[in-house]
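Text of the file coords18.txt, holding compact mmCIF, C-alpha atoms:
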# COMPACT_ATOMS: atom_id res chain seq x y z
CA MET A 1 -34.84 10.71 -0.09
CA GLU A 2 -36.04 11.60 3.38
CA ASN A 3 -34.04 13.28 6.13
CA PHE A 4 -31.09 14.21 3.92
CA SER A 5 -29.62 16.71 6.37
CA LEU A 6 -26.68 19.09 6.03
CA ILE A 7 -24.40 16.85 8.09
CA LEU A 8 -25.35 13.88 5.91
CA ALA A 9 -24.48 15.88 2.77
CA ILE A 10 -21.11 16.79 4.34
CA VAL A 11 -20.45 13.12 5.12
CA VAL A 12 -21.25 12.04 1.55
CA ILE A 13 -18.98 14.74 0.07
CA THR A 14 -16.18 13.80 2.49
CA ALA A 15 -16.60 10.11 1.63
CA LEU A 16 -16.23 10.89 -2.07
CA ALA A 17 -13.14 12.96 -1.24
CA PHE A 18 -11.72 9.89 0.50
CA ASP A 19 -12.60 7.81 -2.56
CA PHE A 20 -10.67 10.30 -4.70
CA THR A 21 -7.58 9.97 -2.46
CA ASN A 22 -8.00 6.20 -2.59
CA GLY A 23 -7.85 6.41 -6.38
CA PHE A 24 -4.59 8.33 -6.69
CA HIS A 25 -3.10 6.57 -3.66
CA ASP A 26 -3.68 3.13 -5.19
CA THR A 27 -3.04 3.78 -8.89
CA ALA A 28 0.36 2.17 -8.31
CA ASN A 29 -1.29 -1.13 -7.47
CA ALA A 30 -2.40 -1.64 -11.06
CA MET A 31 0.05 0.35 -13.13
CA ALA A 32 3.41 0.76 -11.36
CA THR A 33 5.00 -2.35 -12.84
CA THR A 34 3.48 -1.68 -16.28
CA ILE A 35 4.99 1.81 -16.28
CA SER A 36 8.37 0.75 -14.85
CA THR A 37 8.89 -1.95 -17.50
CA GLY A 38 7.85 0.38 -20.31
CA ALA A 39 4.82 -1.68 -21.34
CA LEU A 40 2.64 1.46 -21.30
CA LYS A 41 3.31 5.19 -21.25
CA PRO A 42 2.45 6.70 -17.83
CA LYS A 43 -0.57 8.80 -18.89
CA ILE A 44 -2.04 6.04 -21.04
CA ALA A 45 -1.63 3.61 -18.14
CA VAL A 46 -3.53 5.76 -15.62
CA ALA A 47 -6.30 6.55 -18.12
CA MET A 48 -6.82 2.84 -18.79
CA SER A 49 -6.79 2.07 -15.06
CA ALA A 50 -9.33 4.82 -14.33
CA ALA A 51 -11.80 3.49 -16.92
CA LEU A 52 -11.56 -0.06 -15.62
CA ASN A 53 -11.89 1.11 -12.00
CA LEU A 54 -15.23 2.65 -12.96
CA VAL A 55 -16.42 -0.56 -14.65
CA GLY A 56 -15.31 -2.67 -11.69
CA ALA A 57 -17.38 -0.57 -9.27
CA PHE A 58 -20.56 -1.99 -10.81
CA LEU A 59 -19.63 -5.68 -10.64
CA SER A 60 -20.34 -6.46 -6.97
CA VAL A 61 -21.53 -5.05 -3.62
CA GLU A 62 -20.27 -7.79 -1.30
CA VAL A 63 -17.40 -5.72 0.14
CA ALA A 64 -19.70 -2.70 0.50
CA ASN A 65 -22.04 -4.83 2.59
CA THR A 66 -19.15 -5.91 4.82
CA ILE A 67 -18.49 -2.25 5.62
CA SER A 68 -22.11 -1.09 5.94
CA LYS A 69 -23.58 -4.14 7.68
CA GLY A 70 -20.81 -6.17 9.27
CA LEU A 71 -17.90 -4.23 10.77
CA VAL A 72 -19.75 -2.00 13.25
CA ASP A 73 -23.23 -1.91 14.76
CA GLU A 74 -25.20 0.32 12.39
CA ASN A 75 -27.83 1.05 15.05
CA GLY A 76 -27.00 4.17 17.02
CA ILE A 77 -24.13 5.30 14.76
CA ARG A 78 -24.52 9.01 13.98
CA PRO A 79 -23.39 10.64 10.70
CA GLU A 80 -20.85 12.65 12.71
CA VAL A 81 -19.12 9.39 13.67
CA ILE A 82 -18.68 8.47 10.01
CA PHE A 83 -17.42 11.97 9.23
CA ALA A 84 -14.77 11.60 11.95
CA ALA A 85 -13.79 8.20 10.55
CA LEU A 86 -13.28 9.69 7.10
CA VAL A 87 -11.08 12.46 8.51
CA GLY A 88 -8.72 9.86 9.96
CA ALA A 89 -8.62 7.89 6.70
CA ILE A 90 -8.05 10.89 4.43
CA LEU A 91 -5.23 12.36 6.52
CA TRP A 92 -3.40 9.01 6.69
CA ASN A 93 -3.75 8.60 2.91
CA LEU A 94 -2.32 12.05 2.27
CA VAL A 95 0.60 11.67 4.70
CA THR A 96 1.68 8.32 3.24
CA TRP A 97 1.25 9.66 -0.30
CA LEU A 98 3.51 12.60 0.57
CA VAL A 99 6.33 10.27 1.61
CA GLY A 100 5.64 7.83 -1.25
CA LEU A 101 4.64 4.85 0.87
CA PRO A 102 2.02 2.45 -0.57
CA SER A 103 0.00 1.92 2.61
CA SER A 104 -3.55 0.57 2.67
CA SER A 105 -6.39 3.01 2.01
CA SER A 106 -8.78 0.25 3.00
CA HIS A 107 -7.23 -0.20 6.42
CA ALA A 108 -7.10 3.56 6.88
CA LEU A 109 -10.85 3.71 6.31
CA MET A 110 -11.59 0.81 8.60
CA GLY A 111 -9.22 2.10 11.26
CA GLY A 112 -10.89 5.50 11.22
CA LEU A 113 -14.34 3.87 11.43
CA ILE A 114 -13.33 1.65 14.33
CA GLY A 115 -11.71 4.51 16.27
CA ALA A 116 -14.66 6.87 15.78
CA THR A 117 -17.17 4.14 16.65
CA VAL A 118 -15.33 3.20 19.84
CA ALA A 119 -15.11 6.86 20.88
CA SER A 120 -18.84 7.26 20.28
CA ALA A 121 -20.41 3.96 21.40
CA GLY A 122 -17.67 1.89 23.04
CA PHE A 123 -15.88 -1.30 22.04
CA GLY A 124 -19.12 -3.27 22.04
CA ALA A 125 -20.24 -1.50 18.85
CA VAL A 126 -17.37 -3.08 16.86
CA HIS A 127 -17.98 -6.63 15.64
CA GLY A 128 -14.71 -8.28 16.58
CA ASP A 129 -15.38 -11.52 14.70
CA VAL A 130 -15.86 -9.66 11.41
CA LEU A 131 -12.77 -7.54 12.09
CA VAL A 132 -10.63 -10.64 12.60
CA THR A 133 -12.01 -12.92 9.87
CA LYS A 134 -12.63 -10.40 7.08
CA VAL A 135 -10.00 -7.73 7.78
CA LEU A 136 -7.04 -8.79 9.94
CA LEU A 137 -6.53 -12.38 8.75
CA PRO A 138 -6.72 -11.41 5.04
CA ALA A 139 -4.29 -8.55 5.77
CA VAL A 140 -1.70 -11.07 6.95
CA ALA A 141 -2.43 -13.90 4.54
CA ALA A 142 -3.04 -12.02 1.29
CA PRO A 143 0.46 -10.59 0.66
CA VAL A 144 2.07 -13.92 1.59
CA VAL A 145 -0.20 -15.94 -0.71
CA ALA A 146 0.13 -13.43 -3.56
CA GLY A 147 3.91 -13.26 -3.09
CA LEU A 148 4.33 -17.04 -3.24
CA ALA A 149 2.08 -17.24 -6.30
CA ALA A 150 4.05 -14.48 -8.04
CA ALA A 151 7.39 -16.12 -7.22
CA LEU A 152 6.26 -19.46 -8.66
CA SER A 153 4.70 -17.75 -11.71
CA THR A 154 7.93 -15.86 -12.34
CA ARG A 155 10.03 -19.01 -12.25
CA LEU A 156 7.57 -20.74 -14.58
CA SER A 157 7.58 -17.77 -16.98
CA TYR A 158 11.36 -17.78 -17.29
CA ARG A 159 11.45 -21.55 -17.71
CA LEU A 160 8.88 -21.50 -20.50
CA SER A 161 10.67 -18.73 -22.36
CA LYS A 162 14.31 -19.75 -21.84
CA ASN A 163 14.71 -21.01 -25.42
CA ALA A 164 12.70 -18.24 -27.05
CA GLU A 165 14.14 -15.18 -28.74
CA ASP A 166 14.67 -12.39 -26.19
CA GLU A 167 12.93 -9.60 -28.11
CA ALA A 168 9.89 -11.71 -29.00
CA THR A 169 9.62 -12.85 -25.38
CA ARG A 170 9.72 -9.30 -24.08
CA LYS A 171 7.04 -8.15 -26.54
CA GLY A 172 4.79 -11.07 -25.67
CA TYR A 173 5.06 -10.54 -21.93
CA ARG A 174 4.54 -6.81 -22.30
CA ALA A 175 1.25 -7.51 -24.06
CA GLY A 176 0.34 -9.94 -21.31
CA GLN A 177 1.33 -7.37 -18.73
CA ILE A 178 -1.04 -4.79 -20.21
CA ALA A 179 -3.88 -7.31 -20.05
CA SER A 180 -3.06 -8.31 -16.47
CA ALA A 181 -2.77 -4.65 -15.43
CA GLY A 182 -6.26 -4.11 -16.80
CA LEU A 183 -7.45 -7.06 -14.73
CA VAL A 184 -5.89 -5.58 -11.59
CA SER A 185 -7.63 -2.25 -12.30
CA LEU A 186 -10.94 -4.02 -12.74
CA ALA A 187 -10.36 -5.94 -9.50
CA HIS A 188 -9.44 -2.72 -7.70
CA GLY A 189 -12.76 -1.22 -8.72
CA THR A 190 -14.66 -4.25 -7.44
CA ASN A 191 -12.91 -4.04 -4.05
CA ASP A 192 -11.83 -0.52 -3.15
CA ALA A 193 -14.65 1.50 -4.74
CA GLN A 194 -17.06 -0.63 -2.73
CA LYS A 195 -15.56 0.52 0.56
CA THR A 196 -16.71 4.07 -0.10
CA MET A 197 -20.09 2.72 -1.20
CA GLY A 198 -20.31 0.90 2.12
CA ILE A 199 -19.39 3.94 4.19
CA ILE A 200 -21.91 6.17 2.36
CA THR A 201 -24.59 3.51 2.77
CA LEU A 202 -23.80 3.33 6.49
CA ALA A 203 -24.13 7.12 6.70
CA LEU A 204 -27.49 7.02 4.89
CA ILE A 205 -28.73 4.39 7.34
CA ALA A 206 -27.44 6.42 10.30
CA GLY A 207 -29.16 9.55 8.95
CA GLY A 208 -32.46 7.76 8.39
CA SER A 209 -32.43 8.15 4.60
CA ILE A 210 -32.60 4.41 3.88
CA ALA A 211 -33.66 1.39 5.92
CA PRO A 212 -31.14 -0.65 7.93
CA GLY A 213 -29.76 -3.57 5.95
CA SER A 214 -30.19 -1.87 2.58
CA ASN A 215 -27.77 -2.37 -0.31
CA PRO A 216 -26.01 0.70 -1.77
CA PRO A 217 -28.37 2.77 -3.95
CA THR A 218 -27.47 3.12 -7.63
CA TRP A 219 -26.45 6.78 -7.27
CA VAL A 220 -24.00 5.77 -4.53
CA ILE A 221 -22.41 3.11 -6.76
CA LEU A 222 -22.09 5.55 -9.65
CA SER A 223 -20.66 8.45 -7.61
CA ALA A 224 -18.16 6.19 -5.81
CA GLY A 225 -17.03 4.69 -9.12
CA LEU A 226 -16.57 8.12 -10.70
CA ALA A 227 -14.65 9.49 -7.69
CA ILE A 228 -12.14 6.64 -7.57
CA ALA A 229 -11.75 6.73 -11.36
CA LEU A 230 -10.96 10.47 -11.29
CA GLY A 231 -8.41 9.97 -8.51
CA THR A 232 -6.82 7.15 -10.46
CA TYR A 233 -6.55 9.32 -13.57
CA ILE A 234 -4.78 12.06 -11.58
CA GLY A 235 -2.08 9.48 -10.82
CA GLY A 236 -0.32 8.99 -7.50
CA TRP A 237 3.08 9.35 -9.08
CA ARG A 238 5.07 9.28 -5.83
CA ILE A 239 3.73 5.86 -4.89
CA ILE A 240 4.01 4.60 -8.47
CA ARG A 241 7.74 5.40 -8.29
CA THR A 242 8.16 3.46 -5.04
CA MET A 243 6.19 0.44 -6.22
CA GLY A 244 7.68 0.39 -9.72
CA THR A 245 11.38 0.94 -9.04
CA GLY A 246 11.86 1.21 -5.28
CA LEU A 247 11.11 -2.41 -4.34
CA THR A 248 12.89 -4.37 -7.06
CA ASP A 249 13.97 -4.22 -10.72
CA LEU A 250 11.29 -5.88 -12.82
CA GLN A 251 11.38 -7.42 -16.28
CA PRO A 252 8.18 -7.95 -18.32
CA GLN A 253 7.98 -11.61 -17.28
CA GLN A 254 8.02 -10.58 -13.62
CA GLY A 255 5.52 -7.77 -14.13
CA PHE A 256 3.11 -10.16 -15.82
CA ALA A 257 3.46 -12.74 -13.03
CA ALA A 258 3.04 -10.15 -10.27
CA GLN A 259 -0.08 -8.55 -11.74
CA THR A 260 -1.78 -11.82 -12.65
CA SER A 261 -1.24 -13.19 -9.14
CA ALA A 262 -2.50 -9.97 -7.55
CA ALA A 263 -5.63 -9.77 -9.73
CA THR A 264 -6.55 -13.37 -8.93
CA ALA A 265 -6.24 -12.78 -5.18
CA ILE A 266 -8.23 -9.52 -5.26
CA LEU A 267 -11.08 -10.87 -7.38
CA ALA A 268 -11.38 -13.97 -5.19
CA SER A 269 -11.51 -11.85 -2.02
CA SER A 270 -14.13 -9.51 -3.53
CA HIS A 271 -16.33 -12.51 -4.33
CA LEU A 272 -16.03 -13.71 -0.71
CA GLY A 273 -16.69 -10.25 0.75
CA PHE A 274 -13.22 -9.85 2.28
CA SER A 275 -12.28 -6.20 2.72
CA LEU A 276 -8.83 -6.86 1.35
CA SER A 277 -6.02 -4.34 1.00
CA THR A 278 -5.11 -4.25 -2.68
CA THR A 279 -1.90 -2.47 -1.68
CA HIS A 280 -0.81 -5.40 0.48
CA VAL A 281 -1.62 -7.89 -2.27
CA VAL A 282 0.20 -6.04 -5.04
CA SER A 283 3.22 -5.26 -2.86
CA GLY A 284 3.48 -8.93 -1.91
CA SER A 285 3.22 -9.91 -5.57
CA VAL A 286 5.95 -7.47 -6.62
CA MET A 287 8.31 -8.74 -3.91
CA GLY A 288 7.51 -12.34 -4.84
CA ALA A 289 8.24 -11.60 -8.50
CA GLY A 290 11.53 -9.97 -7.52
CA LEU A 291 12.62 -13.05 -5.59
CA GLY A 292 11.26 -15.47 -8.18
CA ARG A 293 13.88 -14.54 -10.80
CA ARG A 294 17.34 -16.04 -10.41
CA GLY A 295 19.55 -13.13 -9.50
CA GLY A 296 16.54 -10.98 -8.66
CA THR A 297 16.47 -9.15 -5.35
CA VAL A 298 14.21 -7.02 -3.18
CA ARG A 299 15.31 -3.72 -1.65
CA TRP A 300 14.50 -4.64 1.92
CA SER A 301 15.02 -1.12 3.25
CA THR A 302 12.07 0.07 1.16
CA ALA A 303 10.06 -3.05 1.97
CA THR A 304 10.65 -2.53 5.70
CA ARG A 305 9.40 1.07 5.56
CA MET A 306 6.28 -0.15 3.77
CA MET A 307 5.61 -2.87 6.32
CA VAL A 308 5.97 -0.41 9.19
CA ALA A 309 3.38 1.80 7.49
CA TRP A 310 1.09 -1.23 7.11
CA VAL A 311 1.28 -1.98 10.83
CA LEU A 312 0.66 1.64 11.80
CA THR A 313 -2.25 2.27 9.42
CA LEU A 314 -5.13 0.85 11.46
CA PRO A 315 -4.11 2.29 14.86
CA ALA A 316 -3.02 5.67 13.45
CA ALA A 317 -6.26 6.21 11.51
CA ALA A 318 -8.25 4.92 14.49
CA LEU A 319 -6.57 7.43 16.81
CA VAL A 320 -7.28 10.37 14.50
CA GLY A 321 -10.84 9.15 13.99
CA ALA A 322 -11.40 8.87 17.74
CA LEU A 323 -10.00 12.37 18.37
CA ALA A 324 -12.13 13.83 15.57
CA GLU A 325 -15.23 12.13 16.98
CA SER A 326 -14.51 13.58 20.43
CA VAL A 327 -14.53 17.07 18.90
CA THR A 328 -17.61 16.56 16.71
CA ASP A 329 -19.44 15.29 19.81
CA LEU A 330 -19.29 18.85 21.16
CA GLY A 331 -21.91 19.99 18.64
CA ASP A 332 -22.15 21.69 15.27
CA TRP A 333 -19.26 24.01 16.03
CA GLY A 334 -17.09 20.98 16.84
CA THR A 335 -17.93 19.44 13.46
CA ALA A 336 -17.03 22.75 11.80
CA VAL A 337 -13.68 22.79 13.61
CA VAL A 338 -12.87 19.27 12.40
CA ALA A 339 -13.86 20.19 8.83
CA VAL A 340 -11.62 23.27 8.86
CA PHE A 341 -8.77 21.19 10.31
CA LEU A 342 -9.17 18.60 7.53
CA VAL A 343 -9.12 21.20 4.76
CA ALA A 344 -6.17 23.10 6.27
CA SER A 345 -4.14 19.93 6.83
CA SER A 346 -4.82 18.71 3.29
CA ALA A 347 -3.73 22.06 1.86
CA ALA A 348 -0.54 22.02 3.94
CA ILE A 349 0.35 18.50 2.76
CA TRP A 350 -0.25 19.48 -0.87
CA LYS A 351 1.99 22.54 -0.44
CA LEU A 352 4.76 20.38 1.02
CA SER A 353 4.48 18.04 -1.95
CA ARG A 354 5.30 20.91 -4.33
CA ARG A 355 8.84 21.13 -2.93
CA GLU A 356 9.76 18.01 -4.91
CA VAL A 357 7.32 17.40 -7.74
CA VAL A 358 6.89 13.84 -9.00
CA ASP A 359 4.81 13.50 -12.15
CA SER A 360 4.50 11.43 -15.32
CA GLY A 361 7.72 12.93 -16.67
CA ASN A 362 10.02 11.75 -13.87
CA VAL A 363 8.10 8.87 -12.30
CA VAL A 364 10.56 6.26 -13.63
CA ALA A 365 13.61 7.57 -11.80
CA ALA A 366 16.85 5.90 -10.87
CA ALA A 367 16.27 3.37 -8.13
CA GLU A 368 17.84 3.85 -4.73
CA PRO A 369 21.23 2.16 -4.19
CA ALA A 370 21.11 -1.47 -3.12
CA GLY A 371 21.89 -2.32 0.49
CA VAL A 372 24.37 -4.88 1.79
CA VAL A 373 21.83 -7.74 1.89
CA THR A 374 20.58 -7.03 -1.63
CA THR A 375 24.12 -6.91 -3.02
CA ALA A 376 25.09 -10.16 -1.29
CA ILE A 377 22.04 -12.03 -2.62
CA ALA A 378 22.60 -10.76 -6.15
CA ALA A 379 26.24 -11.85 -6.01
CA VAL A 380 25.52 -15.46 -5.05
CA THR A 381 22.45 -16.02 -7.26
CA PRO A 382 23.45 -15.19 -10.85
CA PRO A 383 20.75 -14.67 -13.49
CA PRO A 384 19.75 -17.34 -15.98
CA VAL A 385 22.30 -18.01 -18.70
CA GLY A 386 21.55 -16.08 -21.86
CA THR A 387 19.30 -13.49 -20.20
CA ALA A 388 21.27 -10.42 -21.18
CA THR A 389 18.74 -7.92 -19.94
CA VAL A 390 18.80 -9.38 -16.46
CA ALA A 391 22.59 -9.39 -16.40
CA GLU A 392 22.61 -5.73 -17.31
CA ASP A 393 20.24 -4.95 -14.44
CA LEU A 394 22.50 -6.64 -11.91
CA THR A 395 25.46 -4.40 -12.77
CA ALA A 396 23.75 -1.81 -10.60
CA THR A 397 23.74 -4.09 -7.56
CA ILE A 398 26.99 -6.13 -7.87
CA PRO A 399 30.10 -4.01 -7.35
CA SER A 400 32.60 -4.10 -10.18
CA PRO A 401 36.01 -5.54 -9.30
CA ALA A 402 38.80 -3.02 -8.87
CA PRO A 403 41.06 -2.73 -11.94
CA ALA A 404 44.34 -4.63 -11.68
CA ALA A 405 47.42 -2.54 -11.00
CA PRO A 406 49.71 -2.19 -14.07
CA ALA A 407 52.85 -4.30 -14.05
CA ALA A 408 56.02 -2.46 -13.06
CA ASP A 409 58.27 -1.40 -15.92
CA PRO A 410 61.71 -3.05 -15.38
CA ALA A 411 63.38 -0.21 -17.18
CA ALA A 412 62.08 2.26 -14.64
CA THR A 413 63.94 0.56 -11.80
CA VAL A 414 67.31 0.50 -13.50

Target encoding structure tokens, full file:
Amino acid sequence: MENFSLILAIVVITALAFDFTNGFHDTANAMATTISTGALKPKIAVAMSAALNLVGAFLSVEVANTISKGLVDENGIRPEVIFAALVGAILWNLVTWLVGLPSSSSHALMGGLIGATVASAGFGAVHGDVLVTKVLLPAVAAPVVAGLAAALSTRLSYRLSKNAEDEATRKGYRAGQIASAGLVSLAHGTNDAQKTMGIITLALIAGGSIAPGSNPPTWVILSAGLAIALGTYIGGWRIIRTMGTGLTDLQPQQGFAAQTSAATAILASSHLGFSLSTTHVVSGSVMGAGLGRRGGTVRWSTATRMMVAWVLTLPAAALVGALAESVTDLGDWGTAVVAVFLVASSAAIWKLSRREVVDSGNVVAAAEPAGVVTTAIAAVTPPPVGTATVAEDLTATIPSPAPAAPAADPAATV
């Protein structure tokens, strides 16, 4: 490779670091429901997801081409711009991981890239039509479509199994859930690993190492796949807890419906080259599955926090990316300052996370108390007749009636 400079090497390493954070940030997308329903043990689940993420990275390059060729004007973009974009994306990933919010790593990356590009070359360097059609519209439509599909699938699953033996039904759907979780992991590799491939390819074009319009080289595909697989294996346990037990209480039928709907949406978007947020899709599917069961509810306080994070992701990462680009534009010392800031901030966030450790041993914790809306919905929509496991779940959300006062003893008043 020609012209592989020091700054280009720094950009590639930083991009792989982002890919690593993407892996542990988004492990919940594939495995949270599988872990929360007990279909797989936590460590087995993340190992399976990591392996399939790696396989999925080799299946397509359409999303990578959207990032490297479509979103911004690749002519005139310097490697320092891409480095600044990655700083914004990594810091947003780490902050949302610290607070356990499943925000979009994809939108963090694209927000950082847009902000850094605008700071460097102006708004004209961003292709607005691609941003709207392949990023913003899918961001709005995908969770809605996946949620509706999951709700309908959940209702169908319960209807088909209403006369079956409870234990046999649970075992069957748990097996199906493992298979659908594997499909989500494979889909995640085809979509999210490609975003890092695209950003590295864009950096190689900017640095003069490959020709404009080139597809990702094989070594880029392999390194991006390995980085996201390693991050997935580490396990983003904080976000797995939120996705698995913080949004709703899931049964195997719901977990199967949610994951199948999500995998279908992600694979379809990868084929079309949409830079979809797998987090948005899976979150929408989980909420749809929660509402699709009679008596099922969604904890809207958690869902609201997630949606606020979704809205803030693009602008927040863009702002940090733009500020980082303004500093790197000052020269080599500016780039060094940004690099030191990134490392120091990452270390500080990791240290804060040690105050309350969440790992495979305590990831399935007691869910937060239901709010007023959740309790009211659960009270007026009872579970299906004969579904004992569902009825047991609702005892946590429907208040028990107060015990009746004992009758007065007539002898005591004489």

Let me make sure I understand: among A:Ile90, A:Leu160, A:Leu330, A:Leu342, which one has the smallest atom-to-atom distance to Ser104 in chain A if we use only C-alpha atoms?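 When distances to Ser104 in chain A are compared using only C-alpha atoms, the smallest one comes from A:Ile90.
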
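You will find CA of Val144 in chain A at 27.6 Å from CA of Leu319 in chain A.
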
Neighbours of range 235-250 of chain A within 9 Å (only C-alpha atoms; same-chain residues fewer than 4 positions away dropped), as JSON, numbers by chain? {"A": [21, 23, 24, 25, 26, 27, 28, 29, 31, 32, 33, 34, 35, 36, 37, 42, 43, 46, 47, 96, 97, 98, 99, 100, 101, 102, 230, 231, 254, 255, 282, 283, 286, 287, 289, 290, 291, 296, 297, 298, 299, 300, 301, 302, 303, 357, 358, 359, 360, 362, 363, 364, 365, 366, 367, 368, 393, 394]}

Contacts of Ala84 in chain A at 6 Å or less, counting all atoms listed in the file, minus same-chain residues fewer than 5 places along, as an MDAnalysis selection string? chainID A and resid 321 324:325

Please determine, counting only C-alpha atoms, which residue among A:Thr14, A:Ser285, A:Thr201, A:Ser120 has the shortest atom-to-atom distance to Gly88 in chain A.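 For Gly88 in chain A, the nearest of the given residues is A:Thr14.
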
Residues within 7 Å of Ala85 in chain A, please, as a ChimeraX atom specification. Count all atoms listed in the file; anything in the same chain fewer than 4 positions from it doesn't count. /A:81,89,109,112-113,116,321

Find the residue from A:Ala257, A:Ile234, A:Val132, A:Ala146 that sits nearest to Ser49 in chain A; use all atoms listed in the file when measuring.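 For Ser49 in chain A, the nearest of the given residues is A:Ile234.
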
From the options A:Leu314, A:Ala224, A:Leu40, A:Ala30, which residue's atoms come nearest to Ala263 in chain A, counting only C-alpha atoms?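 Smallest distance to Ala263 in chain A is found for A:Ala30.
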
Considering all atoms listed in the file, state which residue in the set A:Lys41, A:Arg355, A:His107, A:Arg174 is at the smallest distance from His280 in chain A. A:His107

Which value, in Å to one decimal, gives the distance between CA of Ser223 in chain A and CA of Leu16 in chain A?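 About the pair CA of Ser223 in chain A and CA of Leu16 in chain A: they are 7.5 Å apart.
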
Set the distance at 9 Å and use all atoms listed in the file: which residues neighbour Val145 in chain A once local chain neighbours fewer than 4 positions away are removed? I'd like the list as an NGL selection string. :A and (141 or 149-150 or 261 or 265 or 281 or 284-285)

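Distance-wise, CA of Arg305 in chain A and CA of Thr117 in chain A end up 29.0 Å apart.
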
Find, counting only C-alpha atoms, the residue in A:Gly331, A:Pro252, A:Gly128, A:Gly361 that gets nearest to Asp166 in chain A.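 Going through A:Gly331, A:Pro252, A:Gly128, A:Gly361 one by one, the smallest distance to Asp166 in chain A is for A:Pro252.
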